[in-house]
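Chemist: What follows is the file run-v9.pdb, containing PDB, C-alpha atoms:
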```pdb
ATOM      1  CA  MET A   1     -25.296 -20.465  49.795
ATOM      2  CA  ILE A   2     -22.275 -20.963  47.586
ATOM      3  CA  ALA A   3     -19.513 -20.637  50.133
ATOM      4  CA  LEU A   4     -18.361 -24.246  49.872
ATOM      5  CA  VAL A   5     -18.832 -24.963  46.184
ATOM      6  CA  GLU A   6     -15.910 -25.688  43.892
ATOM      7  CA  ASP A   7     -16.443 -22.761  41.536
ATOM      8  CA  ALA A   8     -16.780 -20.143  44.274
ATOM      9  CA  GLY A   9     -13.532 -18.448  43.215
ATOM     10  CA  PHE A  10     -14.850 -17.817  39.711
ATOM     11  CA  ILE A  11     -18.280 -16.762  40.955
ATOM     12  CA  TYR A  12     -17.158 -14.486  43.785
ATOM     13  CA  GLY A  13     -14.328 -13.193  41.578
ATOM     14  CA  SER A  14     -16.798 -12.195  38.856
ATOM     15  CA  TYR A  15     -18.985 -10.362  41.355
ATOM     16  CA  ALA A  16     -15.954  -8.630  42.892
ATOM     17  CA  LEU A  17     -14.703  -7.616  39.457
ATOM     18  CA  THR A  18     -18.093  -6.309  38.306
ATOM     19  CA  PHE A  19     -18.863  -4.378  41.466
ATOM     20  CA  GLY A  20     -15.276  -3.120  41.622
ATOM     21  CA  ALA A  21     -15.644  -1.751  38.086
ATOM     22  CA  VAL A  22     -19.021  -0.230  38.960
ATOM     23  CA  GLY A  23     -17.503   1.376  42.051
ATOM     24  CA  TRP A  24     -14.679   2.819  39.978
ATOM     25  CA  MET A  25     -17.154   4.270  37.438
ATOM     26  CA  VAL A  26     -19.216   5.837  40.222
ATOM     27  CA  TRP A  27     -16.122   7.290  41.915
ATOM     28  CA  ARG A  28     -14.888   8.698  38.579
ATOM     29  CA  ALA A  29     -18.295  10.268  37.825
ATOM     30  CA  VAL A  30     -18.540  11.925  41.236
ATOM     31  CA  SER A  31     -14.920  13.081  41.504
ATOM     32  CA  SER A  32     -14.693  14.540  37.985
ATOM     33  CA  GLY A  33     -18.058  16.272  38.494
ATOM     34  CA  ARG A  34     -16.836  17.863  41.710
ATOM     35  CA  ARG A  35     -13.472  18.853  40.244
ATOM     36  CA  LEU A  36     -14.914  20.491  37.138
ATOM     37  CA  GLY A  37     -17.905  21.907  38.983
ATOM     38  CA  LYS A  38     -15.628  24.121  41.040
ATOM     39  CA  GLN A  39     -14.319  25.789  37.887
ATOM     40  CA  ILE A  40     -17.691  26.665  36.328
ATOM     41  CA  PRO A  41     -20.188  29.240  37.688
ATOM     42  CA  ASP A  42     -23.472  27.665  38.784
ATOM     43  CA  ASP A  43     -25.537  29.690  36.298
ATOM     44  CA  GLU A  44     -23.575  28.084  33.454
ATOM     45  CA  LYS A  45     -24.756  24.636  34.537
ATOM     46  CA  TYR A  46     -28.066  23.754  32.905
ATOM     47  CA  TRP A  47     -28.984  21.356  35.744
ATOM     48  CA  THR A  48     -28.760  23.901  38.570
TER      49      THR A  48
ATOM     50  CA  MET B   1     -24.963  35.569  30.917
ATOM     51  CA  THR B   2     -22.082  35.327  33.356
ATOM     52  CA  THR B   3     -18.632  35.264  31.830
ATOM     53  CA  LEU B   4     -16.232  32.620  32.971
ATOM     54  CA  ASP B   5     -13.487  34.018  35.115
ATOM     55  CA  PRO B   6     -10.164  32.346  34.209
ATOM     56  CA  THR B   7      -8.691  33.355  37.543
ATOM     57  CA  THR B   8     -11.230  31.306  39.501
ATOM     58  CA  THR B   9      -9.429  28.615  41.447
ATOM     59  CA  ALA B  10     -10.682  25.304  42.701
ATOM     60  CA  ASP B  11     -10.423  26.344  46.344
ATOM     61  CA  THR B  12     -12.305  29.648  46.300
ATOM     62  CA  GLU B  13     -15.885  28.455  46.717
ATOM     63  CA  VAL B  14     -17.349  25.068  47.508
ATOM     64  CA  SER B  15     -21.061  24.265  47.622
ATOM     65  CA  PRO B  16     -23.039  21.081  46.907
ATOM     66  CA  SER B  17     -24.768  22.665  43.910
ATOM     67  CA  ARG B  18     -21.453  22.923  42.100
ATOM     68  CA  SER B  19     -21.087  19.241  41.268
ATOM     69  CA  THR B  20     -23.153  17.186  38.825
ATOM     70  CA  GLY B  21     -25.549  15.915  41.493
ATOM     71  CA  THR B  22     -29.191  16.967  41.771
ATOM     72  CA  ASN B  23     -32.185  15.702  43.732
ATOM     73  CA  ALA B  24     -33.086  13.458  40.787
ATOM     74  CA  THR B  25     -29.649  11.807  40.680
ATOM     75  CA  ARG B  26     -29.699  11.359  44.455
ATOM     76  CA  VAL B  27     -33.054   9.556  44.309
ATOM     77  CA  ILE B  28     -31.849   7.384  41.408
ATOM     78  CA  GLY B  29     -28.596   6.709  43.283
ATOM     79  CA  ILE B  30     -30.415   5.510  46.408
ATOM     80  CA  ALA B  31     -32.742   3.346  44.288
ATOM     81  CA  THR B  32     -29.689   1.875  42.530
ATOM     82  CA  VAL B  33     -27.995   0.932  45.796
ATOM     83  CA  GLY B  34     -31.226  -0.692  47.017
ATOM     84  CA  ALA B  35     -31.712  -2.617  43.762
ATOM     85  CA  MET B  36     -28.085  -3.798  43.788
ATOM     86  CA  ALA B  37     -28.507  -5.072  47.358
ATOM     87  CA  TRP B  38     -31.617  -7.022  46.247
ATOM     88  CA  LEU B  39     -29.659  -8.389  43.300
ATOM     89  CA  LEU B  40     -26.869  -9.672  45.542
ATOM     90  CA  LEU B  41     -29.377 -11.262  47.934
ATOM     91  CA  PHE B  42     -31.254 -13.044  45.146
ATOM     92  CA  ALA B  43     -28.216 -13.897  43.016
ATOM     93  CA  LEU B  44     -25.961 -15.298  45.750
ATOM     94  CA  VAL B  45     -28.442 -16.580  48.343
ATOM     95  CA  LEU B  46     -32.059 -17.096  47.252
ATOM     96  CA  SER B  47     -31.664 -18.270  43.677
ATOM     97  CA  PRO B  48     -31.229 -22.067  43.281
ATOM     98  CA  ALA B  49     -28.411 -23.849  41.492
ATOM     99  CA  ASP B  50     -29.132 -24.942  37.927
ATOM    100  CA  VAL B  51     -29.730 -28.624  37.119
ATOM    101  CA  ASN B  52     -27.098 -28.612  34.359
ATOM    102  CA  GLN B  53     -24.773 -25.721  35.182
ATOM    103  CA  GLY B  54     -24.799 -25.950  38.949
ATOM    104  CA  GLU B  55     -23.688 -22.863  40.880
ATOM    105  CA  SER B  56     -22.072 -21.236  37.841
ATOM    106  CA  VAL B  57     -25.539 -20.152  36.721
ATOM    107  CA  ARG B  58     -25.138 -17.290  39.210
ATOM    108  CA  LEU B  59     -22.896 -15.588  36.658
ATOM    109  CA  MET B  60     -25.986 -15.187  34.453
ATOM    110  CA  TYR B  61     -27.234 -12.529  36.910
ATOM    111  CA  LEU B  62     -24.267 -10.357  35.924
ATOM    112  CA  HIS B  63     -23.885 -11.430  32.307
ATOM    113  CA  LEU B  64     -27.448 -10.681  31.138
ATOM    114  CA  PRO B  65     -27.900  -7.290  32.880
ATOM    115  CA  THR B  66     -24.520  -5.990  31.693
ATOM    116  CA  ILE B  67     -25.135  -6.881  28.033
ATOM    117  CA  TRP B  68     -28.687  -5.500  28.307
ATOM    118  CA  VAL B  69     -27.315  -2.154  29.550
ATOM    119  CA  ALA B  70     -24.646  -2.200  26.823
ATOM    120  CA  TYR B  71     -27.350  -2.646  24.147
ATOM    121  CA  LEU B  72     -29.424   0.096  25.796
ATOM    122  CA  SER B  73     -26.398   2.417  25.874
ATOM    123  CA  PHE B  74     -25.678   1.962  22.180
ATOM    124  CA  ILE B  75     -29.341   2.396  21.234
ATOM    125  CA  VAL B  76     -29.438   5.652  23.250
ATOM    126  CA  THR B  77     -26.242   6.717  21.448
ATOM    127  CA  ALA B  78     -27.917   6.080  18.084
ATOM    128  CA  VAL B  79     -31.168   7.851  19.030
ATOM    129  CA  ALA B  80     -29.290  10.867  20.439
ATOM    130  CA  SER B  81     -27.103  10.929  17.319
ATOM    131  CA  ALA B  82     -30.219  10.965  15.140
ATOM    132  CA  PHE B  83     -31.703  13.818  17.194
ATOM    133  CA  TYR B  84     -28.447  15.746  16.804
ATOM    134  CA  LEU B  85     -28.266  15.224  13.038
ATOM    135  CA  PHE B  86     -31.929  15.630  12.134
ATOM    136  CA  THR B  87     -33.135  18.449  14.389
ATOM    137  CA  LYS B  88     -32.793  22.053  13.272
ATOM    138  CA  ASN B  89     -30.681  23.459  16.103
ATOM    139  CA  HIS B  90     -28.107  20.583  16.185
ATOM    140  CA  SER B  91     -27.920  20.787  19.964
ATOM    141  CA  LEU B  92     -24.636  19.616  21.479
ATOM    142  CA  GLY B  93     -26.665  18.225  24.379
ATOM    143  CA  TRP B  94     -27.660  15.299  22.136
ATOM    144  CA  ASP B  95     -24.021  14.797  21.167
ATOM    145  CA  ARG B  96     -22.922  14.677  24.802
ATOM    146  CA  LEU B  97     -25.666  12.199  25.657
ATOM    147  CA  ALA B  98     -24.524  10.030  22.734
ATOM    148  CA  GLY B  99     -20.891  10.174  23.836
ATOM    149  CA  ALA B 100     -21.602   9.549  27.525
ATOM    150  CA  SER B 101     -23.855   6.623  26.688
ATOM    151  CA  ALA B 102     -21.269   5.069  24.347
ATOM    152  CA  GLU B 103     -18.584   5.288  27.057
ATOM    153  CA  LEU B 104     -20.826   3.368  29.434
ATOM    154  CA  GLY B 105     -21.757   0.882  26.725
ATOM    155  CA  VAL B 106     -18.092   0.087  26.123
ATOM    156  CA  ALA B 107     -17.530  -0.427  29.859
ATOM    157  CA  PHE B 108     -20.532  -2.758  30.145
ATOM    158  CA  VAL B 109     -19.622  -4.774  27.022
ATOM    159  CA  GLY B 110     -16.144  -5.146  28.513
ATOM    160  CA  LEU B 111     -17.672  -6.519  31.721
ATOM    161  CA  THR B 112     -19.934  -8.833  29.709
ATOM    162  CA  LEU B 113     -16.930 -10.245  27.842
ATOM    163  CA  VAL B 114     -14.871 -10.776  31.009
ATOM    164  CA  VAL B 115     -17.688 -12.371  33.033
ATOM    165  CA  GLY B 116     -18.682 -14.373  29.959
ATOM    166  CA  ALA B 117     -15.123 -15.690  29.632
ATOM    167  CA  LEU B 118     -15.139 -16.813  33.272
ATOM    168  CA  TRP B 119     -18.551 -18.427  32.811
ATOM    169  CA  GLY B 120     -17.299 -20.069  29.611
ATOM    170  CA  ARG B 121     -14.343 -21.556  31.488
ATOM    171  CA  LEU B 122     -16.752 -23.186  33.944
ATOM    172  CA  THR B 123     -19.309 -24.459  31.422
ATOM    173  CA  TRP B 124     -17.312 -25.030  28.207
ATOM    174  CA  GLY B 125     -13.852 -25.561  29.712
ATOM    175  CA  VAL B 126     -12.314 -22.616  27.807
ATOM    176  CA  PHE B 127     -12.192 -18.860  28.387
ATOM    177  CA  TRP B 128     -12.617 -17.983  24.722
ATOM    178  CA  GLN B 129     -13.788 -19.528  21.468
ATOM    179  CA  TRP B 130     -14.054 -17.805  18.084
ATOM    180  CA  ASP B 131     -17.753 -18.490  18.257
ATOM    181  CA  PRO B 132     -20.239 -16.252  16.332
ATOM    182  CA  ARG B 133     -21.740 -14.688  19.479
ATOM    183  CA  LEU B 134     -18.383 -14.064  21.156
ATOM    184  CA  THR B 135     -16.764 -12.787  17.984
ATOM    185  CA  THR B 136     -19.594 -10.395  17.093
ATOM    186  CA  THR B 137     -19.660  -9.105  20.681
ATOM    187  CA  ALA B 138     -15.901  -8.463  20.507
ATOM    188  CA  LEU B 139     -16.495  -6.676  17.190
ATOM    189  CA  LEU B 140     -19.164  -4.524  18.867
ATOM    190  CA  PHE B 141     -16.688  -3.673  21.655
ATOM    191  CA  VAL B 142     -13.907  -2.694  19.225
ATOM    192  CA  THR B 143     -16.309  -0.686  17.019
ATOM    193  CA  TYR B 144     -17.430   1.503  19.917
ATOM    194  CA  ILE B 145     -13.838   1.969  21.092
ATOM    195  CA  GLY B 146     -13.315   3.328  17.579
ATOM    196  CA  TYR B 147     -16.362   5.576  18.023
ATOM    197  CA  LEU B 148     -14.849   6.970  21.245
ATOM    198  CA  ALA B 149     -11.487   7.466  19.492
ATOM    199  CA  VAL B 150     -13.203   9.448  16.716
ATOM    200  CA  ARG B 151     -14.822  11.678  19.347
ATOM    201  CA  ARG B 152     -11.334  12.611  20.552
ATOM    202  CA  LEU B 153     -10.093  13.771  17.150
ATOM    203  CA  GLY B 154      -9.490  17.499  16.824
ATOM    204  CA  GLY B 155     -11.903  20.151  15.562
ATOM    205  CA  SER B 156     -14.837  22.115  16.919
ATOM    206  CA  HIS B 157     -17.587  20.621  19.089
ATOM    207  CA  GLN B 158     -19.947  20.689  16.111
ATOM    208  CA  GLN B 159     -17.428  18.838  13.921
ATOM    209  CA  ARG B 160     -16.970  16.240  16.644
ATOM    210  CA  ALA B 161     -20.726  15.874  17.007
ATOM    211  CA  LYS B 162     -21.413  15.504  13.291
ATOM    212  CA  ARG B 163     -18.806  12.851  12.514
ATOM    213  CA  SER B 164     -19.473  10.811  15.657
ATOM    214  CA  ALA B 165     -23.248  10.957  15.079
ATOM    215  CA  VAL B 166     -22.827   9.322  11.680
ATOM    216  CA  ILE B 167     -20.740   6.529  13.241
ATOM    217  CA  GLY B 168     -23.188   6.195  16.136
ATOM    218  CA  LEU B 169     -26.023   5.606  13.676
ATOM    219  CA  LEU B 170     -24.090   3.005  11.690
ATOM    220  CA  ALA B 171     -22.511   1.138  14.620
ATOM    221  CA  VAL B 172     -25.856   0.360  16.252
ATOM    222  CA  LEU B 173     -26.647  -1.932  13.301
ATOM    223  CA  LEU B 174     -24.251  -4.445  14.872
ATOM    224  CA  ILE B 175     -26.652  -5.115  17.766
ATOM    225  CA  PRO B 176     -29.138  -7.234  15.743
ATOM    226  CA  LEU B 177     -26.164  -9.122  14.301
ATOM    227  CA  VAL B 178     -24.852  -9.881  17.806
ATOM    228  CA  HIS B 179     -28.291 -10.856  19.093
ATOM    229  CA  TRP B 180     -29.194 -13.182  16.210
ATOM    230  CA  SER B 181     -25.681 -14.526  15.612
ATOM    231  CA  VAL B 182     -26.602 -17.658  17.579
ATOM    232  CA  VAL B 183     -29.507 -18.274  15.197
ATOM    233  CA  ILE B 184     -27.797 -17.296  11.931
ATOM    234  CA  TRP B 185     -24.652 -19.371  12.531
ATOM    235  CA  ARG B 186     -23.876 -22.574  14.420
ATOM    236  CA  SER B 187     -22.844 -21.416  17.867
ATOM    237  CA  LEU B 188     -21.479 -22.797  21.110
ATOM    238  CA  HIS B 189     -23.350 -20.029  22.926
ATOM    239  CA  GLN B 190     -26.895 -20.821  23.966
ATOM    240  CA  GLU B 191     -29.826 -19.147  22.214
ATOM    241  CA  ALA B 192     -31.925 -16.429  23.854
ATOM    242  CA  THR B 193     -33.457 -17.526  27.161
ATOM    243  CA  ILE B 194     -35.506 -14.491  28.155
ATOM    244  CA  LEU B 195     -36.304 -13.076  24.709
ATOM    245  CA  ASP B 196     -37.420 -16.488  23.497
ATOM    246  CA  VAL B 197     -39.248 -16.632  20.157
ATOM    247  CA  ASP B 198     -42.337 -18.266  21.721
ATOM    248  CA  GLY B 199     -42.482 -15.617  24.483
ATOM    249  CA  ASP B 200     -42.281 -18.257  27.243
ATOM    250  CA  PRO B 201     -38.877 -18.115  28.964
ATOM    251  CA  ASP B 202     -37.501 -21.590  29.809
ATOM    252  CA  ILE B 203     -36.236 -20.605  33.241
ATOM    253  CA  ASP B 204     -37.138 -21.133  36.904
ATOM    254  CA  GLY B 205     -39.336 -18.428  38.483
ATOM    255  CA  THR B 206     -36.775 -17.301  41.086
ATOM    256  CA  MET B 207     -34.043 -17.242  38.452
ATOM    257  CA  LEU B 208     -36.229 -15.119  36.165
ATOM    258  CA  THR B 209     -37.031 -12.749  39.052
ATOM    259  CA  THR B 210     -33.300 -12.420  39.795
ATOM    260  CA  VAL B 211     -32.525 -11.638  36.159
ATOM    261  CA  PHE B 212     -35.188  -8.912  36.151
ATOM    262  CA  ILE B 213     -33.887  -7.429  39.418
ATOM    263  CA  GLY B 214     -30.435  -7.349  37.826
ATOM    264  CA  MET B 215     -31.759  -5.607  34.740
ATOM    265  CA  ILE B 216     -33.581  -2.992  36.833
ATOM    266  CA  ALA B 217     -30.516  -2.444  39.066
ATOM    267  CA  PHE B 218     -28.110  -2.021  36.154
ATOM    268  CA  THR B 219     -30.558   0.170  34.219
ATOM    269  CA  LEU B 220     -30.850   2.501  37.220
ATOM    270  CA  LEU B 221     -27.050   2.538  37.476
ATOM    271  CA  TYR B 222     -26.836   3.412  33.772
ATOM    272  CA  VAL B 223     -29.307   6.308  34.157
ATOM    273  CA  TRP B 224     -27.381   7.657  37.162
ATOM    274  CA  LEU B 225     -24.019   7.378  35.399
ATOM    275  CA  VAL B 226     -25.190   8.839  32.095
ATOM    276  CA  MET B 227     -26.725  11.866  33.822
ATOM    277  CA  HIS B 228     -23.490  12.594  35.684
ATOM    278  CA  ARG B 229     -21.267  11.945  32.675
ATOM    279  CA  THR B 230     -23.365  14.124  30.330
ATOM    280  CA  ARG B 231     -23.098  17.010  32.793
ATOM    281  CA  THR B 232     -19.362  16.484  33.206
ATOM    282  CA  MET B 233     -18.962  16.566  29.424
ATOM    283  CA  ALA B 234     -20.902  19.848  29.282
ATOM    284  CA  MET B 235     -18.437  21.348  31.768
ATOM    285  CA  GLU B 236     -15.459  19.953  29.821
ATOM    286  CA  ASP B 237     -16.794  21.661  26.673
ATOM    287  CA  LEU B 238     -17.272  24.947  28.555
ATOM    288  CA  LEU B 239     -13.720  24.825  29.906
ATOM    289  CA  GLU B 240     -12.345  23.983  26.468
ATOM    290  CA  ASP B 241     -14.191  26.992  25.019
ATOM    291  CA  ARG B 242     -12.812  29.146  27.814
ATOM    292  CA  GLY B 243      -9.277  27.953  27.061
ATOM    293  CA  LEU B 244      -9.783  28.884  23.406
ATOM    294  CA  ASP B 245     -11.147  32.318  24.370
ATOM    295  CA  ILE B 246      -8.130  32.969  26.595
ATOM    296  CA  ALA B 247      -5.710  31.830  23.873
ATOM    297  CA  LEU B 248      -7.431  34.118  21.340
ATOM    298  CA  ALA B 249      -7.339  37.060  23.765
ATOM    299  CA  GLU B 250      -3.616  36.474  24.361
ATOM    300  CA  ARG B 251      -2.947  36.366  20.615
ATOM    301  CA  ARG B 252      -4.884  39.594  20.108
ATOM    302  CA  ALA B 253      -2.961  41.234  22.964
ATOM    303  CA  GLU B 254       0.323  40.112  21.410
ATOM    304  CA  GLY B 255      -0.763  41.542  18.064
ATOM    305  CA  GLY B 256      -1.760  44.876  19.660
ATOM    306  CA  ALA B 257       1.569  45.179  21.486
ATOM    307  CA  ARG B 258       3.589  44.961  18.233
TER     308      ARG B 258
END
```
Kindly transcribe the structure held in the file into structure tokens.
Modeler:
Amino acid sequence: MIALVEDAGFIYGSYALTFGAVGWMVWRAVSSGRRLGKQIPDDEKYWT
Amino acid sequence: MTTLDPTTTADTEVSPSRSTGTNATRVIGIATVGAMAWLLLFALVLSPADVNQGESVRLMYLHLPTIWVAYLSFIVTAVASAFYLFTKNHSLGWDRLAGASAELGVAFVGLTLVVGALWGRLTWGVFWQWDPRLTTTALLFVTYIGYLAVRRLGGSHQQRAKRSAVIGLLAVLLIPLVHWSVVIWRSLHQEATILDVDGDPDIDGTMLTTVFIGMIAFTLLYVWLVMHRTRTMAMEDLLEDRGLDIALAERRAEGGAR
């Protein structure tokens, strides 16, 4: 485990930053899909 | 074909089929979450510290997968651009795939640069050096920001697709330059560890396993994101067309009233 090592701030910070960015991208993908999806009929969506 | 009703409001009907999710994206999403959990377990717990770099080697498990996905994104952008330009029907589906993939590529190169800077601070003592690998990666980042800016210029969807496809095909040529920059020029950055010229990676077995788990996890994430983003872009194009149709109808009505 790395809990007590000197560089833990950099290491944990990098993981927090990366997964925070990933979470933001996922949230943006889902929310914009839902928002726009309500304005388009289902038969206009090639994936439905 | 159903016509789009401009009076439809966001609150009238809600059903799961209306978003960009499908069974395929749900399966990929679950697999991504599972792979990310494995990555965290291996990267932060099971993988050993490096003899030279100590615990900071754990940043490699983010740095390599993110740059791998960035390369993959830009290659997909180039391939989709080629399909758009060189197929007979010039399908906008290829253009949207190219654009969605480039957006993700820019995000992942950005992450690579930030995590790389933090790793550099731990191993080299500085966040940034104008080193060949770092500089060419920054150039790659800026080039694809330019590609995304060009996509936002005015004009029809076909005009957007044509001009961005040409840039998408040219910009991908930077990837070999970035990859071999450490060989071509004298560099502070280490040479390739996994894609070693002799095909025998100089890396501990658990570390190698962790890198591969990271690459699988981030590739799954990329596939999930690009599917959603491509579908969102298709809906944005439809709504833009609808806005144009409404504007034209209003202009015609104004003309008829005079």
Chemist: Enumerate as a list in words the residues belonging to chain B that approach chain A to within 6 Å, with all atoms listed in the file taken into account.
Modeler: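 The contacting residues on chain B are Ala10, Arg18, Ser19, Thr20, Val45, Val115 and Thr232 of chain B.
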Chemist: Expand the PyMOL selection byres ((chain B and resi 173-187) around 9) into the individual residues it matches in the shown file, reporting them as a list in words.
Modeler: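 Output of the PyMOL selection byres ((chain B and resi 173-187) around 9): Tyr71, Phe74, Ile75, Asp131, Pro132, Arg133, Leu134, Thr135, Thr136, Thr137, Leu139, Leu140, Leu169, Leu170, Ala171, Val172, Leu188, His189, Gln190, Glu191 and Ala192 of chain B.
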Chemist: Name the residues in contact with Pro65 in chain B at a cut-off of 9 Å, using only C-alpha atoms, excluding same-chain residues fewer than 4 positions from it; report them as a ChimeraX atom specification.
Modeler: /B:60-61,69-70,112,211-219
Chemist: Specify as a PDB file with C-alpha atoms, in the coordinates of the input each residue included when the PyMOL selection byres ((chain B and resi 168) around 9) is applied to this file.
Modeler:
```
ATOM      1  CA  PHE B  74     -25.678   1.962  22.180  1.00  0.00           C
ATOM      2  CA  ILE B  75     -29.341   2.396  21.234  1.00  0.00           C
ATOM      3  CA  THR B  77     -26.242   6.717  21.448  1.00  0.00           C
ATOM      4  CA  ALA B  78     -27.917   6.080  18.084  1.00  0.00           C
ATOM      5  CA  VAL B  79     -31.168   7.851  19.030  1.00  0.00           C
ATOM      6  CA  ALA B  80     -29.290  10.867  20.439  1.00  0.00           C
ATOM      7  CA  SER B  81     -27.103  10.929  17.319  1.00  0.00           C
ATOM      8  CA  ALA B  82     -30.219  10.965  15.140  1.00  0.00           C
ATOM      9  CA  ALA B  98     -24.524  10.030  22.734  1.00  0.00           C
ATOM     10  CA  GLY B  99     -20.891  10.174  23.836  1.00  0.00           C
ATOM     11  CA  ALA B 102     -21.269   5.069  24.347  1.00  0.00           C
ATOM     12  CA  TYR B 144     -17.430   1.503  19.917  1.00  0.00           C
ATOM     13  CA  TYR B 147     -16.362   5.576  18.023  1.00  0.00           C
ATOM     14  CA  ARG B 163     -18.806  12.851  12.514  1.00  0.00           C
ATOM     15  CA  SER B 164     -19.473  10.811  15.657  1.00  0.00           C
ATOM     16  CA  ALA B 165     -23.248  10.957  15.079  1.00  0.00           C
ATOM     17  CA  VAL B 166     -22.827   9.322  11.680  1.00  0.00           C
ATOM     18  CA  ILE B 167     -20.740   6.529  13.241  1.00  0.00           C
ATOM     19  CA  LEU B 169     -26.023   5.606  13.676  1.00  0.00           C
ATOM     20  CA  LEU B 170     -24.090   3.005  11.690  1.00  0.00           C
ATOM     21  CA  ALA B 171     -22.511   1.138  14.620  1.00  0.00           C
ATOM     22  CA  VAL B 172     -25.856   0.360  16.252  1.00  0.00           C
TER      23      VAL B 172
END
```
Chemist: For CA of Gly21 in chain B and CA of Phe108 in chain B, determine how far apart the two atoms are, in Å to one decimal place.
Modeler: 22.4 Å
Chemist: Mind pulling up the distance from CA of Leu122 in chain B to CA of Gln53 in chain B?
Modeler: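 Result for CA of Gln53 in chain B versus CA of Leu122 in chain B: 8.5 Å, one decimal.
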Chemist: Since I can't run it myself right now, could you work out what the PyMOL selection byres ((chain B and resi 47) around 12) selects here and report it as an MDAnalysis selection string?
Modeler: (chainID A and resid 1:2) or (chainID B and resid 38:46 48:50 54:61 203:211 213)
Chemist: Keeping only C-alpha atoms, take the residues you just selected and write them out as a tab-separated table (two decimals), keeping the file's coordinate frame.
Modeler:
```
chain	number	residue	atom	x	y	z
A	1	MET	CA	-25.30	-20.46	49.80
A	2	ILE	CA	-22.28	-20.96	47.59
B	38	TRP	CA	-31.62	-7.02	46.25
B	39	LEU	CA	-29.66	-8.39	43.30
B	40	LEU	CA	-26.87	-9.67	45.54
B	41	LEU	CA	-29.38	-11.26	47.93
B	42	PHE	CA	-31.25	-13.04	45.15
B	43	ALA	CA	-28.22	-13.90	43.02
B	44	LEU	CA	-25.96	-15.30	45.75
B	45	VAL	CA	-28.44	-16.58	48.34
B	46	LEU	CA	-32.06	-17.10	47.25
B	48	PRO	CA	-31.23	-22.07	43.28
B	49	ALA	CA	-28.41	-23.85	41.49
B	50	ASP	CA	-29.13	-24.94	37.93
B	54	GLY	CA	-24.80	-25.95	38.95
B	55	GLU	CA	-23.69	-22.86	40.88
B	56	SER	CA	-22.07	-21.24	37.84
B	57	VAL	CA	-25.54	-20.15	36.72
B	58	ARG	CA	-25.14	-17.29	39.21
B	59	LEU	CA	-22.90	-15.59	36.66
B	60	MET	CA	-25.99	-15.19	34.45
B	61	TYR	CA	-27.23	-12.53	36.91
B	203	ILE	CA	-36.24	-20.60	33.24
B	204	ASP	CA	-37.14	-21.13	36.90
B	205	GLY	CA	-39.34	-18.43	38.48
B	206	THR	CA	-36.78	-17.30	41.09
B	207	MET	CA	-34.04	-17.24	38.45
B	208	LEU	CA	-36.23	-15.12	36.16
B	209	THR	CA	-37.03	-12.75	39.05
B	210	THR	CA	-33.30	-12.42	39.80
B	211	VAL	CA	-32.52	-11.64	36.16
B	213	ILE	CA	-33.89	-7.43	39.42
```
Chemist: Quick one: pull the distance between CA of Tyr84 in chain B and CA of Gln159 in chain B, Å, one decimal.
Modeler: 11.8 Å
Chemist: B:Asp95, B:Gly155, B:Trp130, B:Leu221: which is nearest Gly23 in chain A, counting only C-alpha atoms?
Modeler: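 Smallest distance to Gly23 in chain A is found for B:Leu221.
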Chemist: Around (-21.7, 9.5, 33.3), as given in the file, which residues come within 9 Å? Count all atoms listed in the file and list them as a PDB file with C-alpha atoms, in the frame of the given file.
Modeler:
```pdb
ATOM      1  CA  MET A  25     -17.154   4.270  37.438  1.00  0.00           C
ATOM      2  CA  VAL A  26     -19.216   5.837  40.222  1.00  0.00           C
ATOM      3  CA  ARG A  28     -14.888   8.698  38.579  1.00  0.00           C
ATOM      4  CA  ALA A  29     -18.295  10.268  37.825  1.00  0.00           C
ATOM      5  CA  VAL A  30     -18.540  11.925  41.236  1.00  0.00           C
TER       6      VAL A  30
ATOM      7  CA  ALA B 100     -21.602   9.549  27.525  1.00  0.00           C
ATOM      8  CA  SER B 101     -23.855   6.623  26.688  1.00  0.00           C
ATOM      9  CA  GLU B 103     -18.584   5.288  27.057  1.00  0.00           C
ATOM     10  CA  LEU B 104     -20.826   3.368  29.434  1.00  0.00           C
ATOM     11  CA  TYR B 222     -26.836   3.412  33.772  1.00  0.00           C
ATOM     12  CA  VAL B 223     -29.307   6.308  34.157  1.00  0.00           C
ATOM     13  CA  TRP B 224     -27.381   7.657  37.162  1.00  0.00           C
ATOM     14  CA  LEU B 225     -24.019   7.378  35.399  1.00  0.00           C
ATOM     15  CA  VAL B 226     -25.190   8.839  32.095  1.00  0.00           C
ATOM     16  CA  MET B 227     -26.725  11.866  33.822  1.00  0.00           C
ATOM     17  CA  HIS B 228     -23.490  12.594  35.684  1.00  0.00           C
ATOM     18  CA  ARG B 229     -21.267  11.945  32.675  1.00  0.00           C
ATOM     19  CA  THR B 230     -23.365  14.124  30.330  1.00  0.00           C
ATOM     20  CA  ARG B 231     -23.098  17.010  32.793  1.00  0.00           C
ATOM     21  CA  THR B 232     -19.362  16.484  33.206  1.00  0.00           C
ATOM     22  CA  MET B 233     -18.962  16.566  29.424  1.00  0.00           C
TER      23      MET B 233
END
```
Chemist: Measuring atom to atom with only C-alpha atoms, identify which of B:Val106, B:Val33, B:Asp202, B:Leu239 is nearest to Ala149 in chain B.
Modeler: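 Closest residue, counting only C-alpha atoms: B:Val106.
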